[in-house]
file final33.txt (compact mmCIF, C-alpha atoms and all ligand atoms)
# COMPACT_ATOMS: atom_id res chain seq x y z
CA MET A 1 29.67 -32.26 12.28
CA VAL A 2 28.70 -28.97 13.80
CA GLY A 3 31.78 -27.41 15.33
CA TYR A 4 31.93 -25.89 18.77
CA ASP A 5 32.40 -22.41 17.31
CA SER A 6 29.31 -22.57 15.16
CA PHE A 7 27.39 -24.06 18.09
CA MET A 8 28.53 -21.16 20.26
CA SER A 9 27.72 -18.57 17.63
CA LEU A 10 24.25 -20.10 17.28
CA PHE A 11 23.92 -19.98 21.05
CA ARG A 12 25.06 -16.34 21.11
CA PHE A 13 22.65 -15.55 18.31
CA ILE A 14 19.74 -16.99 20.30
CA ALA A 15 20.94 -15.20 23.42
CA VAL A 16 21.12 -11.88 21.55
CA LEU A 17 17.65 -12.39 20.13
CA GLY A 18 16.36 -13.19 23.61
CA ALA A 19 18.01 -10.11 25.09
CA ALA A 20 16.69 -7.98 22.25
CA ALA A 21 13.20 -9.31 22.83
CA VAL A 22 13.37 -8.42 26.52
CA LEU A 23 14.72 -4.96 25.77
CA ALA A 24 12.09 -4.57 23.09
CA ALA A 25 9.40 -5.26 25.65
CA ALA A 26 10.92 -2.62 27.90
CA GLY A 27 11.03 -0.19 24.99
CA ALA A 28 14.77 0.26 25.32
CA HIS A 29 15.88 -1.24 22.00
CA PRO A 30 13.99 -2.25 18.92
CA LEU A 31 13.88 -5.91 18.04
CA LEU A 32 15.15 -6.53 14.53
CA ALA A 33 12.65 -8.89 12.99
CA GLN A 34 13.60 -9.24 9.35
CA THR A 35 13.97 -7.21 6.24
CA ALA A 36 11.13 -6.28 3.92
CA ALA A 37 11.10 -4.83 0.43
CA PRO A 38 9.92 -1.26 -0.16
CA GLY A 39 6.20 -1.34 -0.99
CA SER A 40 5.48 -4.44 1.10
CA LEU A 41 3.65 -5.27 4.31
CA VAL A 42 4.79 -7.05 7.47
CA HIS A 43 2.21 -8.59 9.77
CA TRP A 44 3.19 -8.56 13.44
CA PRO A 45 0.66 -10.88 15.07
CA GLY A 46 -0.40 -10.89 18.69
CA GLU A 47 -3.38 -11.03 21.01
CA GLY A 48 -4.47 -8.16 23.22
CA ILE A 49 -3.12 -5.36 21.02
CA GLU A 50 -4.68 -2.02 21.91
CA ARG A 51 -3.15 -0.05 19.06
CA CYS A 52 -0.39 -0.08 16.47
CA LEU A 53 1.96 2.84 15.86
CA VAL A 54 4.19 3.65 12.88
CA GLY A 55 5.70 7.11 12.56
CA ASP A 56 2.99 9.58 13.53
CA ARG A 57 0.19 7.12 12.77
CA ALA A 58 -1.85 5.15 15.31
CA PHE A 59 -4.22 2.49 14.04
CA GLU A 60 -6.17 -0.60 14.99
CA PRO A 61 -4.94 -4.18 14.56
CA THR A 62 -5.87 -6.07 11.38
CA VAL A 63 -6.75 -9.75 11.09
CA VAL A 64 -4.55 -11.52 8.53
CA GLY A 65 -5.50 -15.17 8.04
CA GLU A 66 -6.98 -15.90 11.44
CA GLU A 67 -4.55 -13.80 13.43
CA PRO A 68 -4.96 -10.25 14.68
CA GLY A 69 -1.82 -8.14 14.60
CA CYS A 70 -0.23 -4.91 13.48
CA LEU A 71 -0.05 -4.69 9.71
CA VAL A 72 3.06 -2.59 9.23
CA PRO A 73 3.49 -0.69 5.94
CA VAL A 74 6.94 -0.50 4.35
CA GLY A 75 6.37 2.36 1.91
CA LEU A 76 7.56 2.13 -1.68
CA THR A 77 9.67 5.29 -1.43
CA ARG A 78 11.17 4.56 1.99
CA THR A 79 14.92 4.86 2.32
CA ALA A 80 15.35 3.80 5.98
CA ASP A 81 14.32 0.98 8.34
CA VAL A 82 10.75 1.02 9.66
CA ILE A 83 10.19 1.21 13.42
CA ALA A 84 6.77 -0.06 14.50
CA GLU A 85 5.37 -0.03 18.01
CA ARG A 86 2.32 -1.40 19.70
CA ASP A 87 0.55 -1.18 23.01
CA ARG A 88 -0.26 -4.63 24.26
CA ASP A 89 -1.45 -5.65 27.71
CA GLY A 90 -0.40 -2.25 29.01
CA ARG A 91 3.15 -2.48 27.60
CA ARG A 92 4.86 -0.77 24.69
CA GLU A 93 6.61 -3.16 22.26
CA ARG A 94 8.90 -2.17 19.40
CA LEU A 95 9.87 -3.79 16.15
CA ARG A 96 12.52 -2.73 13.66
CA ILE A 97 12.08 -3.87 10.08
CA GLY A 98 15.20 -3.59 7.95
CA LEU A 99 14.69 -2.13 4.50
CA GLY A 100 15.34 -4.80 1.87
CA GLU A 101 16.39 -4.53 -1.77
CA TYR A 102 14.19 -2.75 -4.27
CA PRO A 103 12.87 -5.80 -6.18
CA TYR A 104 10.88 -4.27 -9.03
CA SER A 105 11.60 -4.06 -12.72
CA VAL A 106 12.27 -1.15 -15.05
CA GLN A 107 9.53 -0.11 -17.47
CA ARG A 108 10.18 1.96 -20.57
CA LEU A 109 7.21 3.96 -21.85
CA GLU A 110 6.63 6.19 -24.84
CA ILE A 111 3.97 8.79 -24.20
CA LYS A 112 3.18 10.70 -27.38
CA ASP A 113 1.23 13.46 -25.69
CA ARG A 114 4.33 15.32 -24.47
CA SER A 115 2.16 17.89 -22.68
CA ARG A 116 1.44 15.14 -20.10
CA VAL A 117 5.14 14.46 -19.55
CA ASP A 118 6.81 17.87 -19.71
CA LEU A 119 4.27 20.02 -17.92
CA SER A 120 3.43 23.61 -18.80
CA PRO A 121 3.35 26.04 -15.86
CA GLU A 122 -0.49 25.87 -15.94
CA ASN A 123 -0.51 22.08 -15.85
CA LEU A 124 2.16 22.01 -13.16
CA ALA A 125 0.02 24.32 -11.03
CA ARG A 126 -2.98 22.08 -11.68
CA VAL A 127 -1.04 18.95 -10.65
CA GLN A 128 0.13 20.70 -7.47
CA ARG A 129 -3.46 21.69 -6.60
CA GLU A 130 -4.64 18.14 -7.22
CA ASN A 131 -1.80 16.63 -5.21
CA ALA A 132 -2.71 18.86 -2.26
CA LEU A 133 -6.35 17.75 -2.49
CA ILE A 134 -5.40 14.07 -2.79
CA GLY A 135 -2.73 14.34 -0.09
CA ARG A 136 -5.39 15.25 2.46
CA LEU A 137 -6.93 11.79 2.04
CA TRP A 138 -3.97 9.97 3.56
CA GLY A 139 -4.68 11.36 7.02
CA ARG A 140 -8.23 10.00 7.17
CA GLN A 141 -8.91 7.51 9.96
CA GLY A 142 -12.06 5.94 11.38
CA LYS A 143 -13.33 2.46 12.14
CA PRO A 144 -12.11 -0.30 9.81
CA ARG A 145 -14.78 -1.51 7.40
CA PHE A 146 -12.72 -3.99 5.40
CA SER A 147 -11.35 -7.51 5.75
CA LEU A 148 -8.52 -9.35 4.01
CA PRO A 149 -8.34 -10.38 1.33
CA LEU A 150 -10.16 -7.48 -0.28
CA GLY A 151 -12.62 -8.20 -3.09
CA ALA A 152 -11.32 -8.00 -6.66
CA PRO A 153 -11.74 -4.61 -8.41
CA LEU A 154 -12.67 -6.45 -11.66
CA GLU A 155 -15.01 -9.42 -12.06
CA LYS A 156 -12.30 -11.32 -13.93
CA MET A 157 -8.81 -10.30 -12.90
CA PRO A 158 -6.27 -10.59 -15.71
CA ALA A 159 -2.60 -10.93 -14.90
CA GLY A 160 -1.54 -7.50 -13.85
CA GLY A 161 1.06 -5.65 -12.04
CA ARG A 162 4.12 -3.56 -12.66
CA PHE A 163 3.78 -2.21 -9.12
CA GLY A 164 6.95 -0.42 -8.14
CA ALA A 165 8.44 -0.48 -11.65
CA LYS A 166 11.04 2.23 -12.13
CA ARG A 167 9.85 4.23 -15.10
CA ILE A 168 11.70 5.68 -17.99
CA ILE A 169 9.25 7.82 -19.90
CA ASN A 170 10.36 9.03 -23.34
CA GLY A 171 13.91 8.19 -22.32
CA GLU A 172 13.94 10.01 -18.98
CA PRO A 173 13.80 8.48 -15.46
CA ARG A 174 10.52 9.32 -13.67
CA SER A 175 8.74 8.35 -10.44
CA PRO A 176 8.10 4.62 -9.88
CA HIS A 177 4.74 3.10 -10.70
CA THR A 178 2.64 3.25 -7.54
CA GLY A 179 -0.21 0.89 -8.41
CA ALA A 180 -0.96 -2.29 -10.35
CA ASP A 181 -2.22 -2.09 -13.94
CA TYR A 182 -4.83 -4.46 -15.33
CA ALA A 183 -5.39 -4.26 -19.10
CA VAL A 184 -9.08 -4.91 -19.86
CA PRO A 185 -11.43 -3.42 -22.48
CA GLN A 186 -12.94 0.02 -22.08
CA GLY A 187 -16.33 -0.21 -20.37
CA THR A 188 -15.46 -3.16 -18.09
CA PRO A 189 -17.14 -2.58 -14.69
CA VAL A 190 -14.88 -1.48 -11.84
CA LEU A 191 -15.88 -2.70 -8.37
CA ALA A 192 -15.34 -1.38 -4.86
CA VAL A 193 -12.91 -3.76 -3.13
CA ASP A 194 -14.76 -3.42 0.18
CA ASP A 195 -17.29 -1.31 2.07
CA ALA A 196 -16.28 2.34 1.91
CA VAL A 197 -17.19 5.96 1.73
CA VAL A 198 -16.19 7.76 -1.47
CA ALA A 199 -13.46 10.08 -0.23
CA LEU A 200 -12.89 11.77 -3.59
CA ALA A 201 -14.11 11.34 -7.17
CA GLY A 202 -13.20 13.60 -10.07
CA GLU A 203 -11.05 14.26 -13.10
CA PHE A 204 -7.31 14.63 -12.53
CA PHE A 205 -4.39 15.48 -14.80
CA PHE A 206 -2.45 12.21 -14.46
CA SER A 207 -5.12 9.86 -13.06
CA GLY A 208 -7.92 10.96 -15.39
CA ASN A 209 -11.35 10.06 -14.02
CA ALA A 210 -10.50 8.69 -10.61
CA VAL A 211 -12.23 7.35 -7.51
CA PHE A 212 -10.69 7.19 -4.03
CA LEU A 213 -12.44 4.96 -1.48
CA ASP A 214 -11.91 5.25 2.27
CA HIS A 215 -12.24 1.87 4.02
CA GLY A 216 -11.40 3.25 7.47
CA ASN A 217 -8.40 2.67 9.75
CA GLY A 218 -6.07 4.36 7.24
CA LEU A 219 -6.87 2.23 4.15
CA ILE A 220 -7.58 4.05 0.87
CA SER A 221 -8.13 2.24 -2.45
CA MET A 222 -7.75 4.04 -5.79
CA TYR A 223 -9.12 3.44 -9.29
CA PHE A 224 -7.62 5.54 -12.12
CA HIS A 225 -8.12 6.26 -15.85
CA LEU A 226 -11.85 5.40 -15.68
CA HIS A 227 -14.17 5.93 -18.62
CA GLU A 228 -17.31 6.49 -16.53
CA VAL A 229 -17.68 7.25 -12.81
CA PHE A 230 -20.94 6.23 -11.08
CA VAL A 231 -20.27 7.60 -7.58
CA GLU A 232 -19.82 10.97 -5.90
CA GLN A 233 -17.83 12.14 -2.92
CA GLY A 234 -19.64 11.16 0.28
CA ASP A 235 -21.47 8.14 -1.18
CA GLU A 236 -21.45 4.97 0.91
CA VAL A 237 -20.69 1.92 -1.21
CA PRO A 238 -20.67 -1.80 -0.31
CA ARG A 239 -18.03 -4.32 -1.38
CA GLY A 240 -18.53 -5.24 -5.04
CA HIS A 241 -20.44 -2.06 -5.91
CA ARG A 242 -19.95 -0.79 -9.48
CA ILE A 243 -18.17 2.52 -9.04
CA GLY A 244 -17.30 3.11 -12.72
CA THR A 245 -15.91 1.54 -15.87
CA VAL A 246 -12.43 1.02 -17.27
CA GLY A 247 -11.12 3.68 -19.63
CA SER A 248 -7.97 5.44 -20.72
CA THR A 249 -8.41 8.96 -19.34
CA GLY A 250 -5.53 11.06 -17.98
CA ARG A 251 -1.96 9.97 -18.70
CA SER A 252 -2.58 6.49 -20.04
CA THR A 253 -1.35 4.50 -23.02
CA GLY A 254 -4.55 2.44 -23.48
CA PRO A 255 -7.61 1.09 -21.63
CA HIS A 256 -6.65 -0.40 -18.29
CA LEU A 257 -7.48 -0.18 -14.62
CA HIS A 258 -4.78 1.33 -12.48
CA PHE A 259 -5.52 0.06 -8.97
CA GLY A 260 -3.64 1.49 -6.02
CA ILE A 261 -3.59 1.19 -2.23
CA ARG A 262 -2.43 3.58 0.47
CA TRP A 263 -2.12 2.11 3.93
CA GLN A 264 -1.32 4.53 6.76
CA GLY A 265 -0.33 7.02 4.08
CA GLU A 266 2.22 4.66 2.51
CA ARG A 267 2.25 3.22 -1.00
CA VAL A 268 2.16 -0.56 -0.83
CA ASP A 269 1.67 -3.32 -3.41
CA PRO A 270 -2.10 -3.64 -3.98
CA ALA A 271 -1.71 -7.30 -4.97
CA LEU A 272 -0.86 -8.09 -1.33
CA TRP A 273 -4.39 -6.98 -0.37
CA LEU A 274 -6.08 -9.09 -3.03
CA GLY A 275 -4.12 -12.34 -2.65
CA GLU A 276 -3.99 -15.05 -0.04
CA PRO A 277 -3.19 -13.59 3.38
CA ALA A 278 -0.30 -16.11 3.53
CA SER A 279 1.50 -13.98 0.91
CA ILE A 280 1.97 -11.26 3.54
CA ALA A 281 5.25 -11.58 5.48
CA THR A 282 4.72 -12.43 9.15
CA VAL A 283 6.93 -11.87 12.20
CA ARG A 284 7.49 -15.15 14.05
ZN ZN A 301 -0.77 2.48 -13.64
call {"tool": "encode", "arguments": {"input": "final33.txt", "output": "structure tokens", "more": "lines below"}}
Ligand SMILES: [Zn+2]
result
Amino acid sequence: MVGYDSFMSLFRFIAVLGAAAVLAAAGAHPLLAQTAAPGSLVHWPGEGIERCLVGDRAFEPTVVGEEPGCLVPVGLTRTADVIAERDRDGRRERLRIGLGEYPYSVQRLEIKDRSRVDLSPENLARVQRENALIGRLWGRQGKPRFSLPLGAPLEKMPAGGRFGAKRIINGEPRSPHTGADYAVPQGTPVLAVDDAVVALAGEFFFSGNAVFLDHGNGLISMYFHLHEVFVEQGDEVPRGHRIGTVGSTGRSTGPHLHFGIRWQGERVDPALWLGEPASIATVR
């Protein structure tokens, strides 16, 4: 039997949620929706959304499944709750997403080429130059030219992953893995996951031969360690276009595609963009 106390606490819980929702609509207090893991996405559905806001970013709604809504990034390296807002029917609404546990594994790697682990001053300067160049891509905006799920970056997708894995390279803790790795033979065609403009293509210290595609509305897809690259900066490519082939260039332990996604500047699990939209957490 459900006791009076638990009934009352349930009642209070509903009342608090209701009050929070009202205050949220007024912009006074954020509504706590749920928690989400670092590197994940939360879809906040609704009709009549004019724009979505997270941090200093403003962007258009995204359709997930059949529903339009704000697709809120919870960045892999975040350490605090995410506050999202949206303008809807002339009102500002707020949502607070609690930061959940870090769910990813630990990966131990041996990289024999120590010059790619312990950087010389010249290589460090090179990496810093490249990071500055790449960092400018995250601010790109423009009309969305993609739809979920994205197309696969390989014709046959093997099991892949290791997104978010904490890395211990040659015995020392390093930055987490920011993409998903797919081990396939060198020369396998790599495909654009949706319509895009080539934002950057070149040879980089860690990423090797790399292509960065801008799909508009703050979505950038990345393809690293390529053997060949068939596109140049500024090229327009359609979904499924062959942009290069799989290789093992840069800091890599063997032929594989490293596929990454930045959404509104945040690192999120690329598998969420390739899978069934139902795998994306939704605010109800
Ligand atoms: Zn990788």
call {"tool": "residues_near_ligand", "arguments": {"input": "final33.txt", "ligand": "ligand ZN 301 (chain A)", "cutoff": "7 Å", "atoms": "all atoms listed in the file", "output": "count of residues only"}}
result
5
call {"tool": "atom_distance", "arguments": {"input": "final33.txt", "atom1": "CA of Arg267 (chain A)", "atom2": "CA of Ser105 (chain A)"}}
result
16.7 Å
call {"tool": "closest_residue", "arguments": {"input": "final33.txt", "among": "A:Arg262, A:Arg174, A:Arg140, A:Arg239", "to": "Pro153 (chain A)", "atoms": "only C-alpha atoms"}}
result
A:Arg239
call {"tool": "atom_distance", "arguments": {"input": "final33.txt", "atom1": "CA of Val42 (chain A)", "atom2": "CA of Thr77 (chain A)"}}
result
16.0 Å
call {"tool": "atom_distance", "arguments": {"input": "final33.txt", "atom1": "CA of Gln107 (chain A)", "atom2": "CA of Gly161 (chain A)"}}
result
11.5 Å
call {"tool": "residues_around", "arguments": {"input": "final33.txt", "residues": "Ser207 (chain A)", "least_positions_apart": "6", "cutoff": "12 Å", "atoms": "all atoms listed in the file", "output": "list in words"}}
result
Arg116, Val127, Glu130, Asn131, Ile134, Thr178, Gly179, Ala201, Met222, Tyr223, Phe224, His225, Leu226, His227, Gly247, Ser248, Thr249, Gly250, Arg251, Ser252, Thr253, His256, Leu257, His258, Phe259 and Gly260 of chain A
call {"tool": "closest_residue", "arguments": {"input": "final33.txt", "among": "A:Cys70, A:Ala210, A:Ala37, A:Leu109", "to": "Pro173 (chain A)", "atoms": "only C-alpha atoms"}}
result
A:Leu109
call {"tool": "closest_residue", "arguments": {"input": "final33.txt", "among": "A:Val237, A:Val231, A:Leu71, A:Val190", "to": "Trp273 (chain A)", "atoms": "all atoms listed in the file"}}
result
A:Leu71
call {"tool": "residues_around", "arguments": {"input": "final33.txt", "residues": "Arg136 (chain A)", "least_positions_apart": "4", "cutoff": "12 Å", "atoms": "all atoms listed in the file", "output": "PyMOL selection string"}}
result
chain A and resi 129-132+140-141+199-200+212+214+218+220+265
call {"tool": "residues_around", "arguments": {"input": "final33.txt", "residues": "Val82 (chain A)", "least_positions_apart": "4", "cutoff": "12 Å", "atoms": "only C-alpha atoms", "output": "ChimeraX atom specification"}}
result
/A:30-42,53-55,72-78,94-100,266
call {"tool": "write_last_selection", "arguments": {"input": "final33.txt", "atoms": "C-alpha atoms", "output": "mmCIF file, keeping the file's coordinate frame"}}
result
data_model
loop_
_atom_site.group_PDB
_atom_site.id
_atom_site.type_symbol
_atom_site.label_atom_id
_atom_site.label_comp_id
_atom_site.auth_asym_id
_atom_site.auth_seq_id
_atom_site.Cartn_x
_atom_site.Cartn_y
_atom_site.Cartn_z
ATOM 1 C CA PRO A 30 13.990 -2.250 18.920
ATOM 2 C CA LEU A 31 13.880 -5.910 18.040
ATOM 3 C CA LEU A 32 15.150 -6.530 14.530
ATOM 4 C CA ALA A 33 12.650 -8.890 12.990
ATOM 5 C CA GLN A 34 13.600 -9.240 9.350
ATOM 6 C CA THR A 35 13.970 -7.210 6.240
ATOM 7 C CA ALA A 36 11.130 -6.280 3.920
ATOM 8 C CA ALA A 37 11.100 -4.830 0.430
ATOM 9 C CA PRO A 38 9.920 -1.260 -0.160
ATOM 10 C CA GLY A 39 6.200 -1.340 -0.990
ATOM 11 C CA SER A 40 5.480 -4.440 1.100
ATOM 12 C CA LEU A 41 3.650 -5.270 4.310
ATOM 13 C CA VAL A 42 4.790 -7.050 7.470
ATOM 14 C CA LEU A 53 1.960 2.840 15.860
ATOM 15 C CA VAL A 54 4.190 3.650 12.880
ATOM 16 C CA GLY A 55 5.700 7.110 12.560
ATOM 17 C CA VAL A 72 3.060 -2.590 9.230
ATOM 18 C CA PRO A 73 3.490 -0.690 5.940
ATOM 19 C CA VAL A 74 6.940 -0.500 4.350
ATOM 20 C CA GLY A 75 6.370 2.360 1.910
ATOM 21 C CA LEU A 76 7.560 2.130 -1.680
ATOM 22 C CA THR A 77 9.670 5.290 -1.430
ATOM 23 C CA ARG A 78 11.170 4.560 1.990
ATOM 24 C CA ARG A 94 8.900 -2.170 19.400
ATOM 25 C CA LEU A 95 9.870 -3.790 16.150
ATOM 26 C CA ARG A 96 12.520 -2.730 13.660
ATOM 27 C CA ILE A 97 12.080 -3.870 10.080
ATOM 28 C CA GLY A 98 15.200 -3.590 7.950
ATOM 29 C CA LEU A 99 14.690 -2.130 4.500
ATOM 30 C CA GLY A 100 15.340 -4.800 1.870
ATOM 31 C CA GLU A 266 2.220 4.660 2.510
#
call {"tool": "axis_aligned_box", "arguments": {"input": "final33.txt", "around": "region 177-180 of chain A", "padding_each_side": "4 Å", "output": "JSON"}}
result
{"center_x": 1.9, "center_y": 0.5, "center_z": -9.1, "size_x": 13.7, "size_y": 13.5, "size_z": 11.2}
call {"tool": "closest_residue", "arguments": {"input": "final33.txt", "among": "A:Ile261, A:Ile169, A:Val246, A:Ile83", "to": "Arg57 (chain A)", "atoms": "all atoms listed in the file"}}
result
A:Ile83
call {"tool": "residues_near_point", "arguments": {"input": "final33.txt", "point": "(-3.2, -5.7, 16.8)", "cutoff": "9 Å", "atoms": "all atoms listed in the file", "output": "list in words"}}
result
Trp44, Pro45, Gly46, Glu47, Gly48, Ile49, Glu50, Arg51, Cys52, Phe59, Glu60, Pro61, Thr62, Val63, Glu67, Pro68, Gly69, Cys70, Leu71, Arg86, Asp87 and Arg88 of chain A
call {"tool": "closest_residue", "arguments": {"input": "final33.txt", "among": "A:Pro103, A:Gly139, A:Gly275, A:Gly65", "to": "Gly216 (chain A)", "atoms": "all atoms listed in the file"}}
result
A:Gly139
call {"tool": "closest_residue", "arguments": {"input": "final33.txt", "among": "A:Thr79, A:Glu101, A:Ala271, A:Glu110", "to": "Glu172 (chain A)", "atoms": "all atoms listed in the file"}}
result
A:Glu110
